[in-house]
Amino acid sequence: MTFAPLLLVLLPVVAALVSFALPERLSAWRNGANIGVAFVKLLVVAYLLVQAQAGVVFEWRYEFLPGYDFVLRLDPLALLFVTLSVFLWLLTTIYAIAYFDRGPNLPRFFGFFNLCVLAATGVAMSGTAITFFLFYELLTLATWPLVAHRGDDKSLRAGQIYLTYTLAGSVAFLAGILWLQSLVGAIEFSAPADLGAIPPLTLTLIFILCIGGLGVKAAIIPFHGWLPEAMAAPAPVSALLHAVAVVKAGAFGIVRVIYDVYGIGTVAELGLGVPLAALASATILYGSVRALMQSDLKKRLAYSTVSQVSYIVLGASLVGPFAVIGGLVHLVHQGIMKITLFMCAGALANRMGIKAIAELDGAGRLMPVTMAAFSVGALGMIGMPPVAGFISKWYLGVGALQSDAAWAVAVLAGSSLLNAAYFLPLLYRAWLLPPPPGRPAIAELATTRDRMLILPAVVTAVVSLGAGIFASLPFSPLGWATLVGLGYLR
């Protein structure tokens, strides 16, 4: 399986080519190919996880420029992200097929959808900074047609804003890595370069360029403005953006820069960890406050993502081992919980036309399965046990104390209170208020399409519970994040 990393990027290429090639009248073949390829990729990743637990690291390398290798490497951190993306890719594919059913431009949609997953997988497996940048840019370009998929003025404007932000961030990130490579040569994540001869001011400026560029996709303030606007995209795209693709690529890149390019010791010596943690904390609180102010359901979830992704950055910025583990495990936990929420929001809009929070009254009585899954995701975001979000926040809080950053505990507590303030009213409306007069009852799971639309969110809700209840198991997200985190801190 030396070619395992290459196989993981070739499989979504196959799905993309099939999707682009088959016309809408052959949608059944296209759908079958998409689900089949996603399932095969999940089986490959399951095998790789078993091998990685035994200490095997898979790498594929190709010299594409003199002195610069294109490297795909499956280390434990890469597998953490790849497993998340592959698992959620399969469920989102099923969900998207049901959500759209039939319609215009679906070959284009699923083609770019697969290219987006290819890029996210490549970001995870990149073994060098240049490889990372190539996939990072592919992710930008593959996601834009998804954001603008509907083709109306609102969608096109959202796509323009998205490109403006993300391409500007890419310029900053590229400037940072090229500047650093001009000083130390090719940057490989598995063998960090010796930065000791570089002046501290130069290292600081390069760090700011890299983190600033990556922070655009991670939606760190003040670079977050594209994310709420991107809610003009269809629900499957929103789910992909928030759970596994764009925002996670930014957060993942920040983790790579801190631990695999600079090293946490160098970041601490330069005094860069605390300012980054403070910026992440400000984003956590700002996103929560803005979420509280939204009347549109998807925009409330979008600002929640602005807040929640910065938990990952906060954990990566602090020195304490529990903080590192908490940030890494939240990469997975947030993805599973947030995709649950967006899938449920899409199902509510698709089946009942619910888009505004004020329209949620009685939704729990009319679509109880959907709202039960939504409730699990919402309670997890608040940090209620036994949902996975509690594990993330507990480790981040303990890690903050280990790092002598008690102020970060106050940030986490304040964020949890704000999470409760903007999620609990949704559950109150859905479960405790009666439906408005005239709203017809529906058969929630009557058809195969209905089940394909709703059951993926049920699966992710169950996984969110399982990740919290069985957190102590070696193959749980927490167990894997602990393996990665302790490896960095040895």
# chains A, B, ... in the order shown; residues from 1 in each chain; ligands from 1
>>> residues_around(residues="region 354-357 of chain A", least_positions_apart="3", cutoff="8 Å", atoms="only C-alpha atoms", output="PyMOL selection string")
chain A and resi 295-298+345+348-350+360+426
>>> select_by_dssp(residues="region 88-247 of chain A", states="alpha helix (DSSP H)", output="PyMOL selection string")
chain A and resi 88-100+106-125+129-147+153-184+200-217+226-229+235-243+246-247
>>> closest_atom_pairs(of="region 358-465 of chain A", to="region 99-105 of chain A", cutoff="12 Å", atoms="only C-alpha atoms", output="Markdown table")
| residue | atom | partner | partner_atom | distance |
| --- | --- | --- | --- | --- |
| A:Thr448 | CA | A:Asp101 | CA | 11.1 |
| A:Arg449 | CA | A:Asp101 | CA | 7.8 |
| A:Asp450 | CA | A:Tyr99 | CA | 8.9 |
| A:Arg451 | CA | A:Tyr99 | CA | 10.7 |
| A:Met452 | CA | A:Tyr99 | CA | 8.4 |
| A:Leu453 | CA | A:Tyr99 | CA | 6.1 |
| A:Ile454 | CA | A:Tyr99 | CA | 9.5 |
| A:Pro456 | CA | A:Tyr99 | CA | 11.5 |
>>> write_last_selection(atoms="N, CA, C and O atoms", output="mmCIF file, in the first residue's frame")
data_model
loop_
_atom_site.group_PDB
_atom_site.id
_atom_site.type_symbol
_atom_site.label_atom_id
_atom_site.label_comp_id
_atom_site.auth_asym_id
_atom_site.auth_seq_id
_atom_site.Cartn_x
_atom_site.Cartn_y
_atom_site.Cartn_z
ATOM 1 N N THR A 448 -38.128 6.721 -0.043
ATOM 2 C CA THR A 448 -36.678 6.501 -0.024
ATOM 3 C C THR A 448 -35.933 7.825 -0.038
ATOM 4 O O THR A 448 -34.928 7.994 0.661
ATOM 5 N N ARG A 449 -36.410 8.778 -0.825
ATOM 6 C CA ARG A 449 -35.761 10.087 -0.864
ATOM 7 C C ARG A 449 -35.820 10.769 0.502
ATOM 8 O O ARG A 449 -34.848 11.373 0.945
ATOM 9 N N ASP A 450 -36.967 10.670 1.175
ATOM 10 C CA ASP A 450 -37.081 11.266 2.510
ATOM 11 C C ASP A 450 -36.053 10.665 3.461
ATOM 12 O O ASP A 450 -35.410 11.383 4.237
ATOM 13 N N ARG A 451 -35.906 9.364 3.399
ATOM 14 C CA ARG A 451 -34.966 8.690 4.305
ATOM 15 C C ARG A 451 -33.521 9.067 3.958
ATOM 16 O O ARG A 451 -32.690 9.251 4.854
ATOM 17 N N MET A 452 -33.205 9.163 2.670
ATOM 18 C CA MET A 452 -31.852 9.578 2.273
ATOM 19 C C MET A 452 -31.559 11.018 2.697
ATOM 20 O O MET A 452 -30.407 11.383 2.950
ATOM 21 N N LEU A 453 -32.587 11.832 2.803
ATOM 22 C CA LEU A 453 -32.411 13.221 3.203
ATOM 23 C C LEU A 453 -32.181 13.358 4.698
ATOM 24 O O LEU A 453 -31.403 14.201 5.140
ATOM 25 N N ILE A 454 -32.836 12.528 5.484
ATOM 26 C CA ILE A 454 -32.852 12.722 6.937
ATOM 27 C C ILE A 454 -31.910 11.784 7.685
ATOM 28 O O ILE A 454 -31.273 12.173 8.675
ATOM 29 N N PRO A 456 -28.844 10.549 7.065
ATOM 30 C CA PRO A 456 -27.443 10.934 7.272
ATOM 31 C C PRO A 456 -27.233 11.801 8.512
ATOM 32 O O PRO A 456 -26.242 11.636 9.233
#
>>> closest_residue(among="A:Pro236, A:Gly327, A:Gly271, A:Gly397", to="Ala96 (chain A)", atoms="only C-alpha atoms")
A:Pro236
>>> atom_distance(atom1="CA of Lys393 (chain A)", atom2="CA of Asp75 (chain A)")
25.3 Å
>>> closest_residue(among="A:Ala410, A:Ile130, A:Met343, A:Val117", to="Leu65 (chain A)", atoms="only C-alpha atoms")
A:Ile130
>>> closest_residue(among="A:Pro425, A:Leu72, A:Ala4, A:Ala446", to="Leu43 (chain A)", atoms="only C-alpha atoms")
A:Ala4
>>> closest_residue(among="A:Ala430, A:Ala400, A:Ile339, A:Gly389", to="Met367 (chain A)", atoms="only C-alpha atoms")
A:Ala430
>>> atom_distance(atom1="CA of Leu209 (chain A)", atom2="CA of Phe132 (chain A)")
15.5 Å
>>> residues_around(residues="Leu80 (chain A)", least_positions_apart="2", cutoff="10 Å", atoms="only C-alpha atoms", output="MDAnalysis selection string")
chainID A and resid 49 74:78 82:85 124 328:329 331:332 477 480:481 484
>>> closest_residue(among="A:Tyr311, A:Phe342, A:Tyr162, A:Tyr428", to="Ala251 (chain A)", atoms="only C-alpha atoms")
A:Tyr311
>>> residues_around(residues="region 28-36 of chain A", least_positions_apart="5", cutoff="10 Å", atoms="only C-alpha atoms", output="PyMOL selection string")
chain A and resi 11-12+14-23+41-42+89-94+96-97+106-107+110-111+114
>>> residues_around(residues="Ala405 (chain A)", least_positions_apart="5", cutoff="10 Å", atoms="only C-alpha atoms", output="list in words")
Val274, Ala277, Leu318, Val319, Gly320, Gly397, Val398, Gly399, Ala400 and Ala410 of chain A
>>> write_last_selection(atoms="all heavy atoms", output="PDB file, in the first residue's frame")
ATOM      1  N   VAL A 274       0.423  33.378  22.678  1.00  0.00           N
ATOM      2  CA  VAL A 274      -0.590  34.108  23.447  1.00  0.00           C
ATOM      3  C   VAL A 274      -1.377  35.081  22.571  1.00  0.00           C
ATOM      4  O   VAL A 274      -2.614  35.119  22.647  1.00  0.00           O
ATOM      5  CB  VAL A 274       0.054  34.818  24.647  1.00  0.00           C
ATOM      6  CG1 VAL A 274      -0.968  35.727  25.343  1.00  0.00           C
ATOM      7  CG2 VAL A 274       0.597  33.798  25.643  1.00  0.00           C
ATOM      8  N   ALA A 277      -3.755  33.021  20.577  1.00  0.00           N
ATOM      9  CA  ALA A 277      -4.817  32.515  21.448  1.00  0.00           C
ATOM     10  C   ALA A 277      -5.819  33.615  21.771  1.00  0.00           C
ATOM     11  O   ALA A 277      -7.033  33.371  21.836  1.00  0.00           O
ATOM     12  CB  ALA A 277      -4.217  31.940  22.726  1.00  0.00           C
ATOM     13  N   LEU A 318      -2.034  27.162  22.690  1.00  0.00           N
ATOM     14  CA  LEU A 318      -1.626  27.012  24.086  1.00  0.00           C
ATOM     15  C   LEU A 318      -0.637  25.849  24.223  1.00  0.00           C
ATOM     16  O   LEU A 318      -0.653  24.899  23.440  1.00  0.00           O
ATOM     17  CB  LEU A 318      -2.847  26.773  24.967  1.00  0.00           C
ATOM     18  CG  LEU A 318      -3.895  27.903  24.955  1.00  0.00           C
ATOM     19  CD1 LEU A 318      -5.139  27.483  25.730  1.00  0.00           C
ATOM     20  CD2 LEU A 318      -3.321  29.187  25.529  1.00  0.00           C
ATOM     21  N   VAL A 319       0.201  25.899  25.227  1.00  0.00           N
ATOM     22  CA  VAL A 319       1.284  24.918  25.367  1.00  0.00           C
ATOM     23  C   VAL A 319       0.818  23.639  26.046  1.00  0.00           C
ATOM     24  O   VAL A 319       1.367  22.569  25.834  1.00  0.00           O
ATOM     25  CB  VAL A 319       2.467  25.536  26.152  1.00  0.00           C
ATOM     26  CG1 VAL A 319       3.601  24.545  26.309  1.00  0.00           C
ATOM     27  CG2 VAL A 319       2.953  26.802  25.458  1.00  0.00           C
ATOM     28  N   GLY A 320      -0.208  23.709  26.896  1.00  0.00           N
ATOM     29  CA  GLY A 320      -0.616  22.552  27.701  1.00  0.00           C
ATOM     30  C   GLY A 320      -1.023  21.365  26.847  1.00  0.00           C
ATOM     31  O   GLY A 320      -1.698  21.529  25.826  1.00  0.00           O
ATOM     32  N   GLY A 397     -10.456  23.395  28.483  1.00  0.00           N
ATOM     33  CA  GLY A 397     -10.440  24.086  29.774  1.00  0.00           C
ATOM     34  C   GLY A 397      -9.298  23.631  30.664  1.00  0.00           C
ATOM     35  O   GLY A 397      -8.571  24.455  31.237  1.00  0.00           O
ATOM     36  N   VAL A 398      -9.118  22.314  30.760  1.00  0.00           N
ATOM     37  CA  VAL A 398      -8.006  21.790  31.570  1.00  0.00           C
ATOM     38  C   VAL A 398      -6.675  22.215  30.955  1.00  0.00           C
ATOM     39  O   VAL A 398      -5.731  22.587  31.662  1.00  0.00           O
ATOM     40  CB  VAL A 398      -8.101  20.254  31.684  1.00  0.00           C
ATOM     41  CG1 VAL A 398      -6.867  19.695  32.393  1.00  0.00           C
ATOM     42  CG2 VAL A 398      -9.363  19.851  32.429  1.00  0.00           C
ATOM     43  N   GLY A 399      -6.587  22.180  29.641  1.00  0.00           N
ATOM     44  CA  GLY A 399      -5.359  22.596  28.966  1.00  0.00           C
ATOM     45  C   GLY A 399      -5.041  24.056  29.199  1.00  0.00           C
ATOM     46  O   GLY A 399      -3.863  24.432  29.324  1.00  0.00           O
ATOM     47  N   ALA A 400      -6.067  24.892  29.261  1.00  0.00           N
ATOM     48  CA  ALA A 400      -5.842  26.311  29.552  1.00  0.00           C
ATOM     49  C   ALA A 400      -5.233  26.483  30.938  1.00  0.00           C
ATOM     50  O   ALA A 400      -4.319  27.296  31.142  1.00  0.00           O
ATOM     51  CB  ALA A 400      -7.152  27.076  29.437  1.00  0.00           C
ATOM     52  N   ALA A 410     -12.415  31.338  31.196  1.00  0.00           N
ATOM     53  CA  ALA A 410     -13.517  32.304  31.201  1.00  0.00           C
ATOM     54  C   ALA A 410     -14.096  32.486  29.800  1.00  0.00           C
ATOM     55  O   ALA A 410     -15.317  32.612  29.622  1.00  0.00           O
ATOM     56  CB  ALA A 410     -13.034  33.639  31.758  1.00  0.00           C
TER      57      ALA A 410
END
